[in-house]
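query02.cif, holding mmCIF, C-alpha atoms:
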data_upload
loop_
_atom_site.label_atom_id
_atom_site.label_comp_id
_atom_site.auth_asym_id
_atom_site.auth_seq_id
_atom_site.Cartn_x
_atom_site.Cartn_y
_atom_site.Cartn_z
CA MET A 1 -1.29 33.04 12.34
CA PRO A 2 -4.35 31.07 13.38
CA LYS A 3 -5.17 30.97 17.04
CA ARG A 4 -3.42 28.04 18.67
CA LEU A 5 -5.84 25.34 19.64
CA ASN A 6 -5.58 24.24 23.24
CA LEU A 7 -5.36 20.52 22.66
CA PRO A 8 -5.77 18.32 25.70
CA LYS A 9 -2.42 16.81 26.77
CA GLY A 10 -2.26 13.15 27.68
CA PRO A 11 -1.44 13.21 31.37
CA GLN A 12 -3.83 16.11 32.00
CA ILE A 13 -6.85 14.45 30.43
CA GLN A 14 -9.66 14.21 32.92
CA LYS A 15 -11.67 11.06 32.92
CA GLN A 16 -14.80 12.11 31.13
CA PRO A 17 -17.54 10.32 29.28
CA SER A 18 -16.11 9.28 25.90
CA THR A 19 -18.48 11.47 23.88
CA ALA A 20 -17.20 14.65 25.57
CA LEU A 21 -13.84 14.31 23.87
CA ILE A 22 -14.94 13.47 20.33
CA PRO A 23 -13.68 16.41 18.28
CA ALA A 24 -15.75 18.02 15.59
CA GLU A 25 -14.80 17.40 11.96
CA ASP A 26 -12.77 20.62 11.85
CA TYR A 27 -11.15 20.07 15.24
CA PHE A 28 -7.67 20.14 13.72
CA LEU A 29 -8.31 23.22 11.59
CA ASN A 30 -6.01 25.36 13.70
CA LEU A 31 -3.48 22.70 14.65
CA PRO A 32 -0.03 24.32 14.33
CA PRO A 33 2.09 22.70 11.59
CA GLU A 34 4.72 21.54 14.06
CA GLU A 35 2.12 19.53 15.98
CA PHE A 36 1.31 17.19 13.09
CA PRO A 37 3.01 13.91 14.02
CA ALA A 38 5.86 13.27 11.58
CA THR A 39 7.16 9.90 12.80
CA TYR A 40 5.37 6.69 13.66
CA GLN A 41 6.30 7.01 17.32
CA ALA A 42 4.90 10.55 17.35
CA THR A 43 1.73 9.33 15.63
CA LEU A 44 1.20 6.66 18.28
CA SER A 45 1.81 9.16 21.07
CA PHE A 46 -0.44 11.76 19.44
CA PHE A 47 -3.43 9.44 19.39
CA GLU A 48 -2.70 7.53 22.57
CA GLU A 49 -2.00 10.53 24.79
CA LYS A 50 -4.64 12.86 23.45
CA PHE A 51 -7.39 10.45 22.50
CA GLY A 52 -6.47 7.14 24.10
CA ASN A 53 -9.61 7.09 26.21
CA LEU A 54 -11.97 7.22 23.24
CA ASP A 55 -13.65 4.06 22.14
CA ALA A 56 -12.39 2.44 18.92
CA LYS A 57 -15.05 3.87 16.58
CA ASP A 58 -14.56 7.41 17.94
CA LEU A 59 -10.79 7.09 17.62
CA GLY A 60 -11.37 6.10 14.00
CA LYS A 61 -13.32 9.33 13.47
CA VAL A 62 -10.58 11.42 15.09
CA ALA A 63 -7.97 9.77 12.86
CA LEU A 64 -10.18 10.56 9.86
CA SER A 65 -10.40 14.24 10.92
CA LEU A 66 -6.62 14.53 11.23
CA ARG A 67 -6.01 12.85 7.86
CA GLN A 68 -8.57 15.09 6.19
CA GLU A 69 -6.92 18.20 7.63
CA THR A 70 -3.49 16.92 6.53
CA ILE A 71 -4.73 16.33 2.96
CA LYS A 72 -6.37 19.77 2.84
CA ARG A 73 -3.14 21.46 3.97
CA ILE A 74 -1.14 19.58 1.32
CA GLU A 75 -3.66 20.66 -1.32
CA ALA A 76 -3.51 24.26 -0.10
CA ALA A 77 0.28 24.21 -0.43
CA THR A 78 0.42 22.57 -3.87
CA LYS A 79 -2.77 24.11 -5.28
CA ARG A 80 -3.50 20.67 -6.70
CA SER A 81 -5.97 18.00 -5.67
CA LEU A 82 -4.57 15.00 -3.83
CA ILE A 83 -5.88 11.47 -3.89
CA CYS A 84 -4.49 8.78 -1.63
CA TYR A 85 -4.25 5.11 -2.56
CA THR A 86 -2.66 3.23 0.28
CA SER A 87 -2.41 -0.34 1.46
CA LYS A 88 -1.11 -2.24 4.45
CA ILE A 89 2.47 -2.82 3.32
CA TYR A 90 3.75 -4.15 6.62
CA ASN A 91 2.52 -7.52 7.79
CA PRO A 92 -0.55 -7.80 5.55
CA PRO A 93 -2.81 -10.72 6.53
CA GLN A 94 -2.92 -11.97 2.93
CA PRO A 95 -0.70 -10.26 0.34
CA GLN A 96 -3.38 -10.64 -2.35
CA HIS A 97 -5.77 -8.56 -0.24
CA THR A 98 -3.48 -5.58 -0.49
CA SER A 99 -2.34 -5.99 -4.08
CA ILE A 100 -3.36 -3.72 -6.93
CA ASN A 101 -6.30 -5.53 -8.49
CA HIS A 102 -9.43 -5.00 -10.55
CA PHE A 103 -11.48 -4.08 -7.45
CA ASP A 104 -9.33 -0.96 -7.23
CA LEU A 105 -11.09 0.43 -10.27
CA VAL A 106 -14.07 1.07 -8.01
CA GLY A 107 -11.91 2.98 -5.55
CA PHE A 108 -10.07 5.02 -8.17
CA SER A 109 -13.33 5.77 -9.93
CA ASP A 110 -14.75 7.09 -6.65
CA LEU A 111 -11.61 9.11 -5.94
CA ILE A 112 -11.49 10.92 -9.26
CA SER A 113 -15.24 11.50 -9.45
CA THR A 114 -14.98 14.37 -6.98
CA ILE A 115 -11.72 15.84 -8.32
CA SER A 116 -11.62 18.43 -11.08
CA PRO A 117 -9.10 18.03 -13.90
CA PRO A 118 -6.56 18.78 -15.29
CA ASN A 119 -3.98 18.19 -12.50
CA VAL A 120 -3.80 15.67 -9.70
CA ASP A 121 -1.33 14.38 -7.14
CA ILE A 122 -1.55 10.71 -6.15
CA LEU A 123 -0.04 9.52 -2.90
CA ILE A 124 0.69 5.84 -3.42
CA VAL A 125 1.75 3.22 -0.89
CA SER A 126 1.68 -0.28 -2.35
CA ASN A 127 3.72 -3.44 -2.71
CA GLY A 128 2.34 -3.97 -6.22
CA GLY A 129 -0.18 -6.29 -7.83
CA GLU A 130 -1.76 -7.11 -11.16
CA VAL A 131 -0.36 -5.51 -14.32
CA GLU A 132 -3.74 -5.71 -16.11
CA ALA A 133 -5.48 -3.83 -13.29
CA THR A 134 -2.70 -1.23 -13.32
CA ASP A 135 -3.29 -0.75 -17.04
CA ARG A 136 -6.99 -0.07 -16.42
CA ILE A 137 -6.22 2.38 -13.60
CA VAL A 138 -3.81 4.30 -15.84
CA THR A 139 -6.42 4.50 -18.60
CA LEU A 140 -9.00 5.76 -16.11
CA LEU A 141 -6.65 8.41 -14.72
CA ARG A 142 -5.24 9.54 -18.03
CA GLU A 143 -8.67 10.02 -19.56
CA ARG A 144 -9.33 12.66 -16.92
CA PHE A 145 -6.00 14.24 -15.97
CA ASN A 146 -3.32 15.88 -18.11
CA HIS A 147 -0.70 16.21 -15.41
CA ILE A 148 -0.25 13.50 -12.81
CA ARG A 149 2.32 13.58 -10.05
CA TYR A 150 2.93 10.49 -7.93
CA ILE A 151 4.02 11.03 -4.34
CA VAL A 152 6.02 8.10 -2.96
CA PRO A 153 6.78 8.38 0.76
CA SER A 154 7.45 4.64 1.13
CA ASN A 155 6.87 1.48 -0.93
CA ALA A 156 5.79 1.67 -4.56
CA PHE A 157 7.00 -1.74 -5.67
CA SER A 158 6.40 -3.77 -8.81
CA ALA A 159 3.06 -2.84 -10.42
CA ALA A 160 3.04 0.32 -8.28
CA THR A 161 6.35 1.25 -9.93
CA LEU A 162 4.68 0.72 -13.29
CA LEU A 163 1.87 3.00 -12.17
CA CYS A 164 4.43 5.69 -11.30
CA PHE A 165 5.86 5.37 -14.82
CA SER A 166 2.52 6.70 -16.08
CA GLY A 167 2.98 9.96 -14.16
CA ASP A 168 4.61 13.16 -15.33
CA GLU A 169 6.72 13.33 -12.19
CA ILE A 170 7.48 11.31 -9.07
CA LEU A 171 8.12 12.99 -5.72
CA MET A 172 10.05 10.57 -3.53
CA GLY A 173 10.81 10.80 0.16
CA SER A 174 14.06 9.49 1.61
CA GLN A 175 12.27 6.22 2.53
CA GLY A 176 10.50 6.11 -0.81
CA THR A 177 11.30 3.22 -3.09
CA LEU A 178 10.44 1.85 -6.48
CA GLY A 179 11.18 -1.74 -7.44
CA PRO A 180 11.79 -4.13 -10.30
CA ILE A 181 8.88 -4.61 -12.71
CA ASP A 182 9.68 -8.15 -13.87
CA PRO A 183 6.47 -10.16 -13.50
CA GLN A 184 5.94 -13.07 -11.11
CA MET A 185 4.12 -16.37 -11.44
CA ASN A 186 2.80 -17.64 -8.09
CA GLY A 187 5.50 -15.63 -6.37
CA THR A 188 8.35 -16.88 -8.60
CA PRO A 189 9.93 -14.46 -11.06
CA ILE A 190 8.90 -15.46 -14.57
CA GLN A 191 12.38 -14.65 -15.80
CA ALA A 192 13.82 -17.14 -13.30
CA ILE A 193 11.50 -19.87 -14.61
CA LEU A 194 12.40 -19.06 -18.22
CA GLU A 195 16.11 -19.05 -17.41
CA ALA A 196 15.83 -22.36 -15.56
CA PHE A 197 14.11 -23.95 -18.56
CA LYS A 198 16.77 -22.60 -20.88
CA LYS A 199 19.47 -24.08 -18.66
CA ALA A 200 17.64 -27.41 -18.43
CA LYS A 201 17.28 -27.55 -22.22
CA THR A 202 21.01 -27.01 -22.72
CA GLU A 203 21.97 -29.61 -20.14
CA ILE A 204 19.50 -32.20 -21.51
CA GLU A 205 20.88 -31.65 -24.99
CA LEU A 206 24.37 -32.34 -23.64
CA GLY A 207 23.57 -35.09 -21.13
CA GLY A 208 20.82 -37.03 -22.89
CA MET A 209 18.18 -39.26 -21.30
CA ASN A 210 19.78 -39.48 -17.85
CA THR A 211 19.76 -35.70 -17.48
CA LEU A 212 16.18 -35.56 -18.70
CA LEU A 213 15.14 -38.02 -16.00
CA ALA A 214 16.91 -35.94 -13.38
CA TYR A 215 15.14 -32.80 -14.51
CA TRP A 216 11.76 -34.44 -15.07
CA PRO A 217 10.22 -33.77 -11.60
CA LEU A 218 11.04 -30.07 -12.02
CA LEU A 219 9.96 -29.79 -15.66
CA SER A 220 6.63 -31.51 -15.01
CA LYS A 221 5.63 -28.70 -12.65
CA TYR A 222 5.19 -26.32 -15.57
CA SER A 223 3.26 -26.84 -18.77
CA LEU A 224 4.35 -25.36 -22.08
CA PRO A 225 1.30 -23.04 -22.29
CA VAL A 226 2.19 -21.67 -18.86
CA LEU A 227 5.67 -20.87 -20.10
CA GLU A 228 4.23 -19.11 -23.12
CA VAL A 229 1.88 -17.12 -20.88
CA GLY A 230 4.88 -16.21 -18.74
CA LYS A 231 6.77 -14.89 -21.75
CA GLN A 232 3.80 -12.82 -22.86
CA TYR A 233 3.34 -11.48 -19.36
CA LYS A 234 6.93 -10.25 -19.36
CA ASN A 235 6.32 -8.63 -22.74
CA LEU A 236 3.13 -6.98 -21.43
CA SER A 237 4.88 -5.46 -18.44
CA GLU A 238 7.72 -4.11 -20.59
CA SER A 239 5.48 -2.79 -23.36
CA LEU A 240 3.28 -0.91 -20.87
CA ALA A 241 6.36 0.56 -19.22
CA LYS A 242 7.65 1.76 -22.61
CA LYS A 243 4.28 3.16 -23.61
CA TRP A 244 3.75 5.11 -20.40
CA LEU A 245 7.31 6.41 -20.07
CA SER A 246 7.33 7.64 -23.64
CA SER A 247 3.82 9.14 -23.55
CA HIS A 248 3.74 10.72 -20.12
CA MET A 249 7.08 11.01 -18.36
CA LEU A 250 9.75 11.37 -21.02
CA HIS A 251 7.59 12.66 -23.89
CA CYS A 252 9.47 10.86 -26.63
CA GLU A 253 9.23 7.87 -28.95
CA GLU A 254 9.16 4.38 -27.47
CA SER A 255 12.37 3.73 -29.39
CA ASP A 256 14.16 6.52 -27.52
CA GLN A 257 17.28 5.17 -25.84
CA ARG A 258 16.25 6.60 -22.45
CA VAL A 259 13.04 4.56 -22.54
CA ILE A 260 14.81 1.40 -23.66
CA ASP A 261 17.53 1.71 -21.01
CA CYS A 262 15.07 2.50 -18.24
CA VAL A 263 12.74 -0.43 -19.04
CA GLU A 264 15.68 -2.78 -19.45
CA PHE A 265 17.02 -1.78 -16.04
CA PHE A 266 13.72 -2.06 -14.17
CA SER A 267 12.91 -5.42 -15.88
CA ALA A 268 16.33 -6.99 -15.31
CA TYR A 269 15.75 -9.85 -12.90
CA GLU A 270 19.37 -10.90 -13.16
CA THR A 271 20.56 -7.41 -12.12
CA HIS A 272 18.26 -6.97 -9.13
CA MET A 273 18.31 -10.65 -8.11
CA SER A 274 15.13 -10.20 -6.06
CA HIS A 275 11.71 -8.82 -6.91
CA GLY A 276 11.62 -7.09 -3.53
CA ARG A 277 14.85 -5.19 -4.16
CA SER A 278 14.62 -1.48 -3.49
CA ILE A 279 15.36 1.03 -6.23
CA ALA A 280 15.85 4.25 -4.34
CA ARG A 281 15.36 7.72 -5.77
CA GLU A 282 18.96 8.46 -6.78
CA GLU A 283 19.16 5.26 -8.78
CA ALA A 284 15.73 5.88 -10.30
CA LYS A 285 16.80 9.40 -11.24
CA SER A 286 19.97 8.08 -12.86
CA LYS A 287 17.71 6.04 -15.16
CA LYS A 288 16.20 9.31 -16.42
CA LEU A 289 12.95 9.08 -14.48
CA GLU A 290 11.52 12.50 -13.53
CA VAL A 291 12.17 11.96 -9.83
CA ARG A 292 12.20 14.88 -7.39
CA LYS A 293 13.26 14.86 -3.76
CA LEU A 294 10.23 15.31 -1.55
CA GLU A 295 12.13 17.39 0.99
CA GLN A 296 12.60 20.09 -1.65
CA TYR A 297 8.86 20.76 -1.35
CA ASP A 298 7.19 22.39 1.62
CA ILE A 299 4.69 19.54 1.80
CA HIS A 300 7.41 17.11 2.94
CA ASP A 301 6.49 17.00 6.64
CA LEU A 302 2.76 16.82 5.94
CA VAL A 303 3.24 13.95 3.48
CA LEU A 304 5.31 12.03 6.03
CA SER A 305 2.68 12.72 8.66
CA LEU A 306 -0.06 11.45 6.35
CA PHE A 307 1.95 8.31 5.56
CA PHE A 308 2.46 7.51 9.23
CA GLN A 309 -1.21 8.19 9.93
CA TYR A 310 -2.03 5.51 7.35
CA VAL A 311 0.50 3.10 8.87
CA PHE A 312 -1.13 3.75 12.24
CA MET A 313 -4.62 3.13 10.86
CA PHE A 314 -3.61 -0.12 9.13
CA ASP A 315 -1.76 -1.30 12.22
CA LYS A 316 -4.61 -0.63 14.63
CA SER A 317 -7.64 -1.59 12.55
CA GLN A 318 -8.86 -4.39 10.29
CA LEU A 319 -8.30 -2.25 7.18
CA VAL A 320 -5.89 -3.47 4.52
CA LYS A 321 -6.44 -0.95 1.71
CA PHE A 322 -7.77 2.59 1.62
CA PHE A 323 -8.95 5.21 -0.89
CA GLU A 324 -9.20 8.79 0.32
CA ASN A 325 -9.42 12.38 -0.79
CA ALA A 326 -10.53 15.57 0.93
CA HIS A 327 -13.62 15.80 -1.25
CA GLY A 328 -15.89 13.26 0.37
CA ILE A 329 -14.29 9.90 -0.47
CA HIS A 330 -12.78 7.90 2.36
CA TRP A 331 -13.32 4.18 2.38
CA GLY A 332 -11.32 1.00 2.19
CA TRP A 333 -11.29 -2.76 2.22
CA GLY A 334 -11.06 -4.45 5.58
CA VAL A 335 -10.86 -8.03 6.76
CA ALA A 336 -14.26 -9.02 8.10
CA PRO A 337 -13.99 -9.73 11.82
CA PRO A 338 -14.58 -13.36 12.78
CA THR A 339 -18.22 -13.98 13.58
CA ALA A 340 -19.14 -15.07 17.08
CA PRO A 341 -19.97 -18.76 17.25
CA THR A 342 -23.68 -19.50 17.39
CA GLU A 343 -25.20 -21.44 20.26
CA ALA A 344 -25.60 -24.38 17.91
CA GLY A 345 -21.95 -24.07 16.88
CA LYS A 346 -20.80 -24.12 20.50
CA LYS A 347 -22.48 -27.48 21.05
CA MET B 1 0.12 -28.01 35.80
CA ILE B 2 -3.04 -29.85 34.89
CA GLU B 3 -4.22 -32.44 37.36
CA GLU B 4 -5.92 -35.59 36.19
CA GLY B 5 -9.63 -34.98 36.03
CA ASP B 6 -9.25 -31.19 35.98
CA THR B 7 -12.03 -30.75 33.46
CA ASN B 8 -12.33 -27.04 34.13
CA THR B 9 -8.80 -26.27 32.98
CA LEU B 10 -9.15 -28.61 30.03
CA LYS B 11 -12.34 -26.84 29.00
CA GLN B 12 -10.57 -23.49 29.27
CA LEU B 13 -7.70 -24.78 27.13
CA GLU B 14 -10.18 -26.08 24.57
CA HIS B 15 -11.83 -22.66 24.52
CA ILE B 16 -8.47 -20.89 24.03
CA SER B 17 -7.58 -23.30 21.25
CA GLN B 18 -10.89 -22.54 19.51
CA GLU B 19 -10.26 -18.79 19.84
CA VAL B 20 -6.77 -19.16 18.33
CA GLU B 21 -8.27 -21.20 15.50
CA LYS B 22 -10.82 -18.44 14.88
CA LEU B 23 -8.08 -15.81 14.75
CA THR B 24 -6.08 -17.92 12.32
CA GLU B 25 -9.15 -18.41 10.17
CA SER B 26 -9.76 -14.66 10.18
CA SER B 27 -6.80 -14.22 7.81
CA ASP B 28 -8.87 -16.08 5.24
CA ALA B 29 -11.90 -13.94 5.99
CA PRO B 30 -13.45 -12.07 3.07
CA LEU B 31 -12.79 -8.40 2.56
CA VAL B 32 -15.57 -5.94 3.20
CA ALA B 33 -15.82 -2.30 2.18
CA VAL B 34 -15.68 -0.01 5.20
CA ASP B 35 -16.36 3.74 5.34
CA ALA B 36 -13.79 5.67 7.36
CA LEU B 37 -16.59 6.81 9.68
CA ASP B 38 -17.06 3.16 10.68
CA VAL B 39 -13.40 2.25 11.03
CA ALA B 40 -12.61 1.07 14.53
CA ILE B 41 -9.08 1.94 15.60
CA SER B 42 -7.98 0.30 18.79
CA PHE B 43 -4.66 0.27 20.61
CA ARG B 44 -5.52 -3.28 21.64
CA ASN B 45 -5.57 -4.26 17.99
CA THR B 46 -1.84 -4.67 17.71
CA SER B 47 -0.29 -6.37 14.74
CA ALA B 48 3.06 -8.10 14.62
CA ILE B 49 4.91 -4.88 13.77
CA GLY B 50 5.99 -4.82 17.37
CA TRP B 51 5.57 -1.22 18.37
CA HIS B 52 3.33 -2.05 21.28
#
Entire entry expressed as structure tokens:
Amino acid sequence: MPKRLNLPKGPQIQKQPSTALIPAEDYFLNLPPEEFPATYQATLSFFEEKFGNLDAKDLGKVALSLRQETIKRIEAATKRSLICYTSKIYNPPQPQHTSINHFDLVGFSDLISTISPPNVDILIVSNGGEVEATDRIVTLLRERFNHIRYIVPSNAFSAATLLCFSGDEILMGSQGTLGPIDPQMNGTPIQAILEAFKKAKTEIELGGMNTLLAYWPLLSKYSLPVLEVGKQYKNLSESLAKKWLSSHMLHCEESDQRVIDCVEFFSAYETHMSHGRSIAREEAKSKKLEVRKLEQYDIHDLVLSLFFQYVFMFDKSQLVKFFENAHGIHWGWGVAPPTAPTEAGKK
Amino acid sequence: MIEEGDTNTLKQLEHISQEVEKLTESSDAPLVAVDALDVAISFRNTSAIGWH
């Protein structure tokens, strides 16, 4: 049992110069497991009470030290490397800033460059994003790792669900969720647009010119090429899902009924009725995905702690997306703070 | 209440309005890559989550 570290308690903290309280990088090395904050309230209290008098940059370094220690402990327990790809899922300033996109290739490339194959765990927190970028990320990961396990403590919606399909297993916490994979066009489900056109076509055929005139303002919003692109986009999403499930998770042919049923379920706009609908772990498991309950693993509390540490960081900083491992990579994308007006600008 | 000719208060209001405008504009601000060693975490930097 490591010697218990005598952490300063909030009310007992003496007012000292800020630098006196900045912990060293390994400050949390001997932190007892039960002292890792495992709820958001506990995370706020942990930082506010113990380190609330640090300036913002120093608090950022303390938060980094605690996350690094948390990741190292998870790795020690699993004997696998962990990479973390997280984004601000609550109240993002601009949803496109947090979405999975081609810029993420840089982050994933950094993350895996310091990790040895063949196994890796990926903690993912994301509301989704671009299917094409997801495809590139999967290619990048699968060229290096034979066994990939996704850890889902919270949101892994849409394209993030697709990403999870490319894993061998998914560990999901009780708050973890996957979501429908039907693609969107400017925030509208493509399937809904296609269905609406189908309905319009039928009604125009029945009602003639008067019905066409009634529908015209709606129809003119979309061009035929856009509709064709929409159809192909739906096909792309489904074909990638089939490919990854058959190759990596279910180890079978794409024509296997489990693959077909699973993709049909996750793509079914009419079943889920909303792209933001949660597909929790029991339902995901019933569709033959290799889903495991996170609480069956001894990393459960540490994973929750790490998740809430990320929520804390996103809530209290300008960051919107973050790439991190315990092997020297820890950076993210942040919203540039507004620049102070110049003297000329003031006049 | 603002009295007629109270230029001081009006100036202050104009300043506040400009600050609000800047904050609104910041959501359109470009993204920049930030190393975790340079991340500033502040309890004053509260978002609309509503915990604080």
Item to check | A:Lys293 environment, 7 Å, only C-alpha atoms, sequence neighbours closer than 6 positions dropped, as a PyMOL selection string | outcome: chain A and resi 171-173
Next on the checklist: I'd like the contact shell of stretch 33-46 of chain B - 10 Å cut-off, all atoms listed in the file, skipping same-chain residues fewer than 4 positions apart - returned as a PyMOL selection string.
Outcome noted: (chain A and resi 44+47-48+52+54-65+312-319+321-324+329-336) or (chain B and resi 50-52)
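With all atoms listed in the file as the atoms that count, the residue of A:Ile83, A:Ile89, A:Ala77, A:Val303 with the shortest distance to chain B is A:Ile89.
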Next on the checklist: Quick check, in Å to one decimal: how far apart do atom CA of A:Val125 and atom CA of A:Val259 lie?
Outcome noted: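 Computing it gives 24.5 Å between the two atoms.
Minimum atom-to-atom distance to chain B, evaluated using all atoms listed in the file, belongs to A:Gly328 out of A:Pro153, A:Gly176, A:Gly328, A:Gly208.
Using only C-alpha atoms, the residues found no farther than 10 Å from A:Cys84, other than those of its own chain fewer than 5 positions away, are Ile71, Phe108, Leu111, Asp121, Ile122, Leu123, Ile124, Val125, Tyr150, Ile151, Leu306, Phe307, Tyr310, Phe322, Phe323, Glu324, Asn325, Ala326, Ile329 and His330 of chain A.
Among the candidate residues A:Tyr233, A:Val152, A:Phe103, A:Lys79, the one lying nearest to B:Val32 is A:Phe103, with distances computed using only C-alpha atoms.
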Next on the checklist: Could you check the closest approach to chain B for each of A:Pro92, A:Pro37, A:Pro32, A:Gly129 and tell me which residue wins, using only C-alpha atoms?
Outcome noted: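 With only C-alpha atoms as the atom set, the closest residue is A:Pro92.
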Item to check | For atom CA of A:Ile193 and atom CA of A:Leu219, the interatomic separation in Å (one decimal) | outcome: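 The value is 10.1 Å.
A straight line drawn from atom CA of A:Leu289 to atom CA of A:Ile74 is 23.6 Å long.
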